[in-house]
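Peer 1: Take a look at my_file00.txt, compact mmCIF, C-alpha atoms (C1' of nucleotides):
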# COMPACT_ATOMS: atom_id res chain seq x y z
CA MET A 3 0.00 0.00 0.00
CA PRO A 4 1.55 3.27 -1.09
CA SER A 5 2.15 5.60 1.81
CA GLU A 6 0.55 9.02 1.98
CA PRO A 7 2.73 11.82 0.76
CA LEU A 8 4.46 13.47 3.67
CA ALA A 9 2.65 16.45 5.05
CA ARG A 10 4.26 19.69 3.89
CA ILE A 11 5.91 20.85 7.05
CA PRO A 12 7.13 24.39 6.58
CA VAL A 13 10.90 24.55 7.15
CA ALA A 14 12.57 27.83 7.97
CA SER A 15 15.36 28.10 5.46
CA THR A 16 16.71 31.62 5.61
CA PRO A 17 18.36 33.01 8.75
CA SER A 18 15.63 35.63 8.92
CA GLN A 19 12.93 33.00 8.95
CA ARG A 20 14.72 30.94 11.55
CA PHE A 21 15.14 34.04 13.65
CA GLU A 22 11.46 34.85 13.32
CA GLU A 23 10.60 31.41 14.66
CA TYR A 24 13.07 31.88 17.47
CA LEU A 25 11.34 35.10 18.46
CA GLN A 26 7.89 33.56 18.28
CA SER A 27 8.89 30.59 20.40
CA ARG A 28 10.00 32.97 23.13
CA GLY A 29 7.15 35.41 22.93
CA MET A 30 9.47 38.12 21.67
CA ARG A 31 8.37 40.64 19.11
CA ASN A 32 9.45 40.76 15.53
CA THR A 33 10.43 44.40 15.44
CA LYS A 34 12.02 46.53 12.77
CA PRO A 35 15.39 46.96 14.55
CA ARG A 36 15.64 43.20 15.03
CA ARG A 37 14.91 42.56 11.39
CA ILE A 38 17.39 45.18 10.27
CA LEU A 39 20.24 43.83 12.40
CA VAL A 40 19.62 40.18 11.55
CA GLU A 41 19.53 41.11 7.89
CA TYR A 42 22.76 43.03 8.17
CA ILE A 43 24.60 40.41 10.17
CA PHE A 44 23.76 37.49 7.94
CA ASN A 45 24.71 39.35 4.80
CA SER A 46 28.21 40.24 5.87
CA HIS A 47 30.31 37.48 7.34
CA ASP A 48 32.94 39.81 8.71
CA HIS A 49 34.00 40.71 12.18
CA PHE A 50 32.59 43.96 13.47
CA ASP A 51 32.04 45.90 16.66
CA ALA A 52 29.06 47.96 17.78
CA ASP A 53 30.55 51.16 16.41
CA GLU A 54 31.30 49.78 12.96
CA LEU A 55 27.79 48.40 12.78
CA LEU A 56 26.34 51.80 13.64
CA ASP A 57 28.55 53.42 11.04
CA ARG A 58 27.23 51.17 8.30
CA LEU A 59 23.58 51.41 9.30
CA PRO A 60 21.33 54.30 8.22
CA ARG A 61 21.88 57.57 10.09
CA LYS A 62 19.54 59.14 12.57
CA GLY A 63 16.56 60.68 10.80
CA THR A 64 16.89 58.24 7.89
CA GLN A 65 14.73 55.22 7.15
CA GLY A 66 16.06 52.15 8.95
CA TYR A 67 17.84 53.95 11.77
CA VAL A 68 18.55 51.95 14.91
CA SER A 69 19.71 53.73 18.04
CA ARG A 70 23.02 53.05 19.69
CA SER A 71 21.47 51.58 22.81
CA THR A 72 19.27 49.27 20.78
CA VAL A 73 22.28 48.09 18.81
CA TYR A 74 24.04 47.19 22.05
CA ARG A 75 20.93 45.56 23.44
CA LEU A 76 20.32 43.48 20.33
CA LEU A 77 23.94 42.42 19.94
CA ALA A 78 23.85 41.07 23.48
CA GLU A 79 20.53 39.40 22.70
CA PHE A 80 21.96 37.73 19.59
CA VAL A 81 24.93 36.43 21.51
CA GLU A 82 22.55 35.03 24.11
CA ALA A 83 20.53 33.45 21.32
CA GLY A 84 23.63 31.83 19.80
CA LEU A 85 23.52 33.86 16.60
CA LEU A 86 26.73 35.73 17.33
CA ARG A 87 29.82 35.09 19.36
CA THR A 88 32.22 37.63 20.77
CA ILE A 89 35.95 38.09 20.70
CA GLU A 90 37.60 40.38 23.25
CA LEU A 91 40.32 42.27 21.44
CA GLU A 92 42.34 45.03 23.05
CA GLY A 93 39.49 46.55 24.97
CA ARG A 94 36.79 46.41 22.34
CA THR A 95 34.26 43.63 21.82
CA VAL A 96 34.23 42.19 18.32
CA TYR A 97 31.27 40.15 17.09
CA GLU A 98 31.11 37.43 14.49
CA LEU A 99 28.58 34.98 13.13
CA ASP A 100 28.08 31.87 15.21
CA TYR A 101 24.82 30.26 14.18
CA GLY A 102 25.33 27.76 11.38
CA TYR A 103 28.96 28.75 11.15
CA PRO A 104 31.70 26.30 12.02
CA GLN A 105 33.72 26.70 15.20
CA HIS A 106 37.09 28.30 14.48
CA ASP A 107 39.90 30.41 15.90
CA HIS A 108 41.86 33.43 14.78
CA LEU A 109 45.18 34.77 13.68
CA TYR A 110 45.40 38.45 14.58
CA CYS A 111 47.75 40.72 12.69
CA ASN A 112 49.23 43.38 14.92
CA SER A 113 50.08 45.54 11.91
CA CYS A 114 46.83 45.73 9.96
CA GLU A 115 44.56 44.46 12.76
CA LYS A 116 43.08 41.88 10.42
CA LEU A 117 41.49 38.74 11.88
CA ILE A 118 42.13 35.56 9.89
CA GLU A 119 40.03 32.51 10.65
CA PHE A 120 41.26 28.96 10.84
CA GLN A 121 39.84 25.66 11.99
CA SER A 122 41.75 22.85 13.66
CA ASP A 123 40.44 19.54 14.94
CA HIS A 124 43.82 18.90 16.53
CA LEU A 125 43.32 21.98 18.60
CA LEU A 126 39.95 20.75 19.83
CA GLU A 127 41.41 17.39 20.77
CA LEU A 128 44.30 19.02 22.56
CA ARG A 129 41.94 21.41 24.35
CA ASN A 130 39.78 18.57 25.60
CA ALA A 131 42.79 16.56 26.71
CA LEU A 132 44.23 19.53 28.59
CA ALA A 133 40.95 20.24 30.34
CA GLN A 134 40.53 16.58 31.18
CA LYS A 135 43.84 16.62 33.06
CA ALA A 136 42.48 19.31 35.39
CA ASN A 137 39.04 17.70 35.69
CA PHE A 138 37.73 20.81 34.06
CA GLN A 139 34.43 20.70 32.21
CA VAL A 140 34.88 22.61 28.95
CA SER A 141 32.15 24.79 27.54
CA GLY A 142 34.28 26.54 24.96
CA HIS A 143 37.56 28.21 24.25
CA GLN A 144 39.14 31.11 22.48
CA LEU A 145 42.55 31.10 20.87
CA ILE A 146 44.09 34.16 19.29
CA ILE A 147 47.48 33.78 17.70
CA SER A 148 49.00 37.20 17.21
CA GLY A 149 51.80 38.30 14.99
CA GLU A 150 52.16 39.53 11.45
CA CYS A 151 50.15 38.37 8.46
CA GLU A 152 51.64 37.39 5.14
CA ASP A 153 50.67 40.65 3.44
CA CYS A 154 52.18 42.87 6.11
CA GLN A 155 55.40 40.85 6.02
CA LYS A 156 55.60 41.38 2.28
CA ILE A 157 55.07 45.10 2.61
CA LYS A 158 57.79 45.31 5.21
CA ARG A 159 60.22 43.34 3.05
CA LYS A 160 59.48 45.64 0.14
CA ARG A 161 60.29 48.67 2.29
CA ILE A 162 63.57 47.16 3.36
CA ARG A 163 64.45 46.36 -0.24
CA ARG A 164 63.77 49.98 -1.18
CA LYS A 165 66.01 51.20 1.59
CA VAL A 166 68.78 48.94 0.31
CA ASP A 167 68.25 50.24 -3.22
CA LEU A 168 68.89 53.75 -2.00
CA ILE A 169 72.32 52.92 -0.61
CA MET B 14 99.14 27.57 36.87
CA PRO B 15 96.05 28.09 39.01
CA SER B 16 93.71 30.72 37.61
CA GLU B 17 92.78 33.83 39.53
CA PRO B 18 89.54 33.58 41.43
CA LEU B 19 86.71 35.11 39.41
CA ALA B 20 86.07 38.76 40.16
CA ARG B 21 83.02 39.17 42.36
CA ILE B 22 80.56 40.58 39.90
CA PRO B 23 77.48 41.73 41.76
CA VAL B 24 74.44 39.83 40.48
CA ALA B 25 70.98 41.19 41.00
CA SER B 26 69.14 38.34 42.59
CA THR B 27 65.80 39.65 43.82
CA PRO B 28 63.18 41.04 41.44
CA SER B 29 63.48 44.38 43.21
CA GLN B 30 67.19 44.54 42.54
CA ARG B 31 66.79 43.53 38.94
CA PHE B 32 64.10 46.16 38.57
CA GLU B 33 66.36 48.78 40.10
CA GLU B 34 69.01 47.98 37.52
CA TYR B 35 66.43 48.12 34.78
CA LEU B 36 65.44 51.61 35.89
CA GLN B 37 69.02 52.79 36.12
CA SER B 38 69.88 51.47 32.68
CA ARG B 39 67.08 53.57 31.24
CA GLY B 40 67.64 56.70 33.23
CA MET B 41 64.34 56.18 35.03
CA ARG B 42 63.95 57.08 38.66
CA ASN B 43 63.62 54.67 41.53
CA THR B 44 60.53 56.13 43.12
CA LYS B 45 58.38 55.02 46.00
CA PRO B 46 55.32 54.06 43.92
CA ARG B 47 57.53 51.94 41.65
CA ARG B 48 59.08 50.18 44.61
CA ILE B 49 55.71 49.59 46.22
CA LEU B 50 54.15 48.07 43.13
CA VAL B 51 57.13 45.89 42.25
CA GLU B 52 57.18 44.66 45.80
CA TYR B 53 53.49 43.89 45.71
CA ILE B 54 53.53 42.19 42.34
CA PHE B 55 56.42 39.88 43.04
CA ASN B 56 55.02 38.80 46.36
CA SER B 57 51.66 37.66 45.06
CA HIS B 58 51.71 35.44 42.02
CA ASP B 59 48.05 35.85 41.35
CA HIS B 60 46.08 37.43 38.60
CA PHE B 61 44.79 40.88 39.38
CA ASP B 62 43.39 43.95 37.71
CA ALA B 63 44.05 47.62 38.44
CA ASP B 64 41.08 47.85 40.76
CA GLU B 65 41.99 44.85 42.87
CA LEU B 66 45.51 46.18 43.19
CA LEU B 67 44.22 49.52 44.42
CA ASP B 68 41.94 47.78 46.85
CA ARG B 69 44.82 45.91 48.43
CA LEU B 70 47.19 48.83 48.56
CA PRO B 71 47.14 51.41 51.40
CA ARG B 72 44.28 53.92 51.23
CA LYS B 73 44.56 57.57 50.45
CA GLY B 74 46.04 59.47 53.36
CA THR B 75 47.88 56.36 54.57
CA GLN B 76 51.58 55.60 54.27
CA GLY B 77 52.34 53.86 50.98
CA TYR B 78 49.36 55.19 49.05
CA VAL B 79 49.65 55.16 45.26
CA SER B 80 47.12 57.06 43.20
CA ARG B 81 44.85 55.40 40.69
CA SER B 82 46.46 57.11 37.73
CA THR B 83 49.93 56.10 38.85
CA VAL B 84 48.79 52.51 39.23
CA TYR B 85 47.56 52.53 35.65
CA ARG B 86 50.72 54.22 34.43
CA LEU B 87 53.01 51.82 36.23
CA LEU B 88 51.11 48.72 35.18
CA ALA B 89 51.49 49.76 31.55
CA GLU B 90 55.15 50.47 32.20
CA PHE B 91 55.70 47.02 33.71
CA VAL B 92 54.03 45.35 30.76
CA GLU B 93 56.28 47.34 28.45
CA ALA B 94 59.26 46.28 30.55
CA GLY B 95 58.28 42.61 30.32
CA LEU B 96 57.56 42.25 34.04
CA LEU B 97 53.86 41.68 33.55
CA ARG B 98 51.67 40.38 30.80
CA THR B 99 47.99 41.04 30.24
CA ILE B 100 44.94 38.90 29.66
CA GLU B 101 41.79 40.47 28.24
CA LEU B 102 38.87 38.95 30.09
CA GLU B 103 35.28 40.08 29.61
CA GLY B 104 36.05 43.73 29.31
CA ARG B 105 38.61 44.08 32.06
CA THR B 106 42.37 43.79 31.74
CA VAL B 107 43.91 41.22 34.05
CA TYR B 108 47.63 41.28 34.80
CA GLU B 109 49.98 38.48 35.75
CA LEU B 110 53.66 37.96 36.31
CA ASP B 111 55.72 37.50 33.17
CA TYR B 112 59.36 38.10 34.03
CA GLY B 113 61.06 34.86 34.98
CA TYR B 114 57.76 33.06 34.82
CA PRO B 115 57.14 30.35 32.23
CA GLN B 116 54.79 30.89 29.33
CA HIS B 117 51.40 29.33 29.98
CA ASP B 118 47.69 29.47 29.25
CA HIS B 119 44.49 29.45 31.26
CA LEU B 120 41.39 27.59 32.18
CA TYR B 121 38.68 30.07 33.14
CA CYS B 122 35.85 29.00 35.40
CA ASN B 123 32.60 30.72 34.48
CA SER B 124 31.16 30.00 37.93
CA CYS B 125 33.81 31.26 40.32
CA GLU B 126 35.78 33.32 37.76
CA LYS B 127 38.97 31.58 38.81
CA LEU B 128 41.90 31.43 36.36
CA ILE B 129 43.85 28.18 36.40
CA GLU B 130 47.22 28.06 34.70
CA PHE B 131 48.56 25.25 32.57
CA GLN B 132 51.52 24.79 30.28
CA SER B 133 51.60 22.73 27.11
CA ASP B 134 54.46 22.25 24.67
CA HIS B 135 52.07 20.48 22.35
CA LEU B 136 50.04 23.62 22.18
CA LEU B 137 53.07 25.67 21.20
CA GLU B 138 53.99 23.20 18.47
CA LEU B 139 50.45 23.16 17.17
CA ARG B 140 50.30 26.95 17.27
CA ASN B 141 53.48 27.27 15.24
CA ALA B 142 52.35 24.68 12.74
CA LEU B 143 48.99 26.41 12.29
CA ALA B 144 50.59 29.80 11.77
CA GLN B 145 53.11 28.30 9.35
CA LYS B 146 50.26 27.09 7.15
CA ALA B 147 49.07 30.68 6.71
CA ASN B 148 52.59 32.08 6.35
CA PHE B 149 51.88 34.00 9.51
CA GLN B 150 54.76 35.15 11.66
CA VAL B 151 53.85 34.44 15.29
CA SER B 152 54.74 36.81 18.07
CA GLY B 153 52.53 35.23 20.72
CA HIS B 154 49.16 33.78 21.51
CA GLN B 155 46.46 33.63 24.10
CA LEU B 156 44.29 30.62 24.80
CA ILE B 157 41.50 30.65 27.31
CA ILE B 158 39.55 27.48 27.82
CA SER B 159 36.31 28.29 29.59
CA GLY B 160 33.94 26.08 31.47
CA GLU B 161 33.57 24.86 35.01
CA CYS B 162 36.39 24.03 37.39
CA GLU B 163 36.55 20.88 39.47
CA ASP B 164 35.49 22.63 42.68
CA CYS B 165 32.43 24.25 41.17
CA GLN B 166 31.37 20.96 39.62
CA LYS B 167 31.58 19.33 43.04
CA ILE B 168 29.53 22.06 44.65
CA LYS B 169 26.88 21.71 42.00
CA ARG B 170 26.77 17.94 42.42
CA LYS B 171 26.40 18.37 46.14
CA ARG B 172 23.45 20.71 45.63
CA ILE B 173 21.74 18.22 43.35
CA ARG B 174 22.30 15.43 45.86
CA ARG B 175 20.69 17.56 48.55
CA LYS B 176 17.69 18.22 46.35
CA VAL B 177 17.29 14.48 45.80
CA ASP B 178 17.48 13.89 49.56
CA LEU B 179 14.53 16.18 50.06
CA ILE B 180 12.26 14.22 47.76
C1' DT C 5 69.10 72.66 40.29
C1' DT C 6 67.00 70.03 36.86
C1' DC C 7 63.74 67.26 35.00
C1' DT C 8 61.01 62.98 35.61
C1' DG C 9 57.14 61.15 38.19
C1' DT C 10 53.14 61.82 40.87
C1' DG C 11 48.46 63.20 42.50
C1' DC C 12 44.49 65.45 41.38
C1' DA C 13 40.66 66.48 38.77
C1' DA C 14 38.77 66.31 34.58
C1' DA C 15 38.25 64.13 30.08
C1' DG C 16 37.45 60.03 27.21
C1' DG C 17 35.57 56.01 25.14
C1' DA C 18 32.69 52.05 25.37
C1' DT C 19 28.72 50.27 27.27
C1' DT C 20 24.54 50.26 30.29
C1' DT C 21 20.39 52.01 32.38
C1' DG C 22 15.89 54.69 33.67
C1' DC C 23 12.14 56.33 31.77
C1' DA C 24 8.39 57.89 28.68
C1' DT C 25 6.49 56.55 24.49
C1' DA C 26 6.02 53.87 20.08
C1' DG C 27 4.46 50.02 18.22
C1' DA C 28 3.83 44.60 17.92
C1' DC C 29 0.48 41.41 19.18
C1' DG D 28 -5.68 47.52 24.98
C1' DT D 29 -1.65 45.40 26.80
C1' DC D 30 2.92 44.99 27.44
C1' DT D 31 7.49 44.56 25.18
C1' DA D 32 10.98 47.18 22.70
C1' DT D 33 12.86 51.43 21.46
C1' DG D 34 15.03 56.11 21.57
C1' DC D 35 16.85 59.47 24.29
C1' DA D 36 19.66 61.27 27.73
C1' DA D 37 22.06 60.47 31.61
C1' DA D 38 24.79 57.36 34.21
C1' DT D 39 28.50 54.09 34.82
C1' DC D 40 32.74 51.71 34.31
C1' DC D 41 37.42 51.56 33.12
C1' DT D 42 41.20 54.07 31.59
C1' DT D 43 43.84 58.13 30.00
C1' DT D 44 45.36 62.91 30.06
C1' DG D 45 46.75 67.90 31.36
C1' DC D 46 48.77 70.31 34.60
C1' DA D 47 51.11 72.05 38.76
C1' DC D 48 53.96 70.46 42.23
C1' DA D 49 56.93 66.94 44.69
C1' DG D 50 60.96 64.77 44.95
C1' DA D 51 64.99 61.78 42.60
C1' DA D 52 69.46 62.48 40.65
Will you turn the file into C-alpha cells for me?
Peer 2:
Amino acid sequence: MPSEPLARIPVASTPSQRFEEYLQSRGMRNTKPRRILVEYIFNSHDHFDADELLDRLPRKGTQGYVSRSTVYRLLAEFVEAGLLRTIELEGRTVYELDYGYPQHDHLYCNSCEKLIEFQSDHLLELRNALAQKANFQVSGHQLIISGECEDCQKIKRKRIRRKVDLI
Amino acid sequence: MPSEPLARIPVASTPSQRFEEYLQSRGMRNTKPRRILVEYIFNSHDHFDADELLDRLPRKGTQGYVSRSTVYRLLAEFVEAGLLRTIELEGRTVYELDYGYPQHDHLYCNSCEKLIEFQSDHLLELRNALAQKANFQVSGHQLIISGECEDCQKIKRKRIRRKVDLI
DNA sequence: TTCTGTGCAAAGGATTTGCATAGAC
DNA sequence: GTCTATGCAAATCCTTTGCACAGAA
C-alpha cells in the first residue's frame, strides 16, 4: 500500500525566517530593529564591533535607523541566542557569526589588525585533553594567535628592499 | 698555573634589585610608587586587575598610598618592561607575572571566575604549525579554555544530591 | 638645580540604564 | 488595549590625560 505523501511541514530556510521562529517561540516581538540587524549580520560574514555596525547602518533621521542603545541591546541578545559570538580584542568587543557557522579560531595581525580565521580539529582534541587533566568541564575556548600576516610581512620586506636600493 | 679567582661581579638576585638595575639602565627614577608596586607584584603570584591592586594597597592618606592614575601608568610600564603580561577577560584587563615566569595558558571557570594556569608544549607546536600554514609570523598567543572548574562541579553535584534527599 | 614622576581632577571612550512613548500582538 | 521594545539622555565603568607640584638624581 503506497504511503501518503508526507505532510508539507514548513521549514525555515533563511536566517531571517529561523530568527522569526526563534522570536515567536519565546514570545518576543518581531520588530524593525531586530529585522534590520539580523539582515545586516547574515549578509556580511565579517567581524565587526558595535561602532562599525552603527557606522554602516542608516543615520539618525533616515529610514532604517537603529539607536546606539538598541544596537548594544540586540547584539547582546543575539549572543545570548547563539547567533553571534564575541571576541575580546584590546578593549573592544568584536562580534562574528556563530549560528550555522563552524567553530574556528583566529590569527590576529598586529600591523593591519586583520582577523584571519582557521579551523583545527587537533586543537579541539588538545583542548579537551588539557581540560581533562584538570578535571575541568569545557564549555568553549578562544585562541588568538597574534603576529604579522603574510601581506604585512611582504610590505615590510618591500620597504627594506627599497632602503637597500637607496644605498 | 692556578687561575685567579673570578672577580666578584654583583648579580641582582631579587626582582626588586633587577628592577632597580632596569630603571638605572634607562635613566628612570627609583621612586616610592615603583618600589611599592614591584614589591606587591612579586610577592603575590596571582592574577589581578588595576582595581583589585588599588583595593589591596594602602588607602589615600595612609603611608604607601599610590594614586589610581599612577597605578595605571606603572602597570602599563611594567608590561612594556616585560615584568607583567595582560589577559583580556570580559572587558577588564587582568595582569599576571611575566618576568622569569614560564609561558602558559588558562582555564577560566565561568562559575567562580577563577583562572587556572597550565603549560603545554604540544600547544606551542600546534600553534606554530597552524601559523606556518598561513605564512603567519607568530609573536605570541592567548588561549583561554572556559567552562567549570573541578570545585564548582563538586559544589553543583552536592546541591543536586541535597535536592534528591529532600524528595 | 633640573627634570622625571606623581596626585588630582577632569576628560574620554565604550557600554549600560531609567524612563516615557512607540508600536507589535 | 496590553505589554514589550525602542530612543533618548544620563549614568556608569574603566582608563587616559593635562597640569602644577613633589621629589629623585
Peer 1: May I ask which of the residues C:DA24, C:DC7, C:DC12, C:DC29 is the closest one to B:Gly40, counting only C-alpha atoms (C1' of nucleotides)?
Peer 2: C:DC7
Peer 1: Name the residues in contact with A:Phe120 at a cut-off of 7 Å, using only C-alpha atoms (C1' of nucleotides), excluding same-chain residues fewer than 2 positions from it; report them as a PyMOL selection string.
Peer 2: chain A and resi 106-108+118+122
Peer 1: Using all atoms listed in the file, I'd like every residue of chain B that has an atom within 9 Å of chain C; please write them out as a list of chain:residue names.
Peer 2: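 The contacting residues on chain B are B:Met41, B:Arg42, B:Thr44, B:Pro46, B:Val79, B:Ser80, B:Arg81, B:Ser82, B:Thr83.
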Peer 1: For C-alpha atoms, I'd like the residues from the last selection saved as a PDB file, keeping the file's coordinate frame.
Peer 2:
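Contents of out-v8.pdb, freshly written:
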ATOM      1  CA  MET B  41      64.340  56.180  35.030  1.00  0.00           C
ATOM      2  CA  ARG B  42      63.950  57.080  38.660  1.00  0.00           C
ATOM      3  CA  THR B  44      60.530  56.130  43.120  1.00  0.00           C
ATOM      4  CA  PRO B  46      55.320  54.060  43.920  1.00  0.00           C
ATOM      5  CA  VAL B  79      49.650  55.160  45.260  1.00  0.00           C
ATOM      6  CA  SER B  80      47.120  57.060  43.200  1.00  0.00           C
ATOM      7  CA  ARG B  81      44.850  55.400  40.690  1.00  0.00           C
ATOM      8  CA  SER B  82      46.460  57.110  37.730  1.00  0.00           C
ATOM      9  CA  THR B  83      49.930  56.100  38.850  1.00  0.00           C
TER      10      THR B  83
END
Peer 1: I'd like the interatomic distance between atom CA of A:Leu86 and atom C1' of D:DA36, to a tenth of an Å.
Peer 2: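 Computed distance, atom CA of A:Leu86 to atom C1' of D:DA36, equals 28.5 Å.
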Peer 1: Rounded to one decimal in Å, what is the spacing between atom CA of A:Glu82 and atom C1' of D:DC30?
Peer 2: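 Atom C1' of D:DC30 lies 22.3 Å from atom CA of A:Glu82.
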Peer 1: For a quick test of understanding: name the residues of chain B lying within 9 Å of chain A when counting only C-alpha atoms, and present them as a VMD selection string.
Peer 2: chain B and resid 101 to 106 120 122 131 133 135 to 136 139 to 140 143 to 144 147 to 163 166
Peer 1: What are the closest atom pairs, with distances in Å to one decimal, for each residue of chain D lying within 8 Å of chain B, using all atoms listed in the file, rows by chain and rising residue number, as CSV?
Peer 2:
residue,atom,partner,partner_atom,distance
D:DC41,C1',B:Arg105,CA,7.6
D:DT42,C1',B:Tyr85,CA,7.7
D:DA51,C1',B:Arg42,CA,6.2
D:DA52,C1',B:Arg42,CA,8.0
Peer 1: Residues within 10 Å of A:Ala83, please, as a list in words. Count all atoms listed in the file; anything in the same chain fewer than 2 positions from it doesn't count.
Peer 2: Phe21, Tyr24, Leu25, Leu77, Ala78, Glu79, Phe80, Val81, Leu85, Leu86, Arg87, Asp100 and Tyr101 of chain A
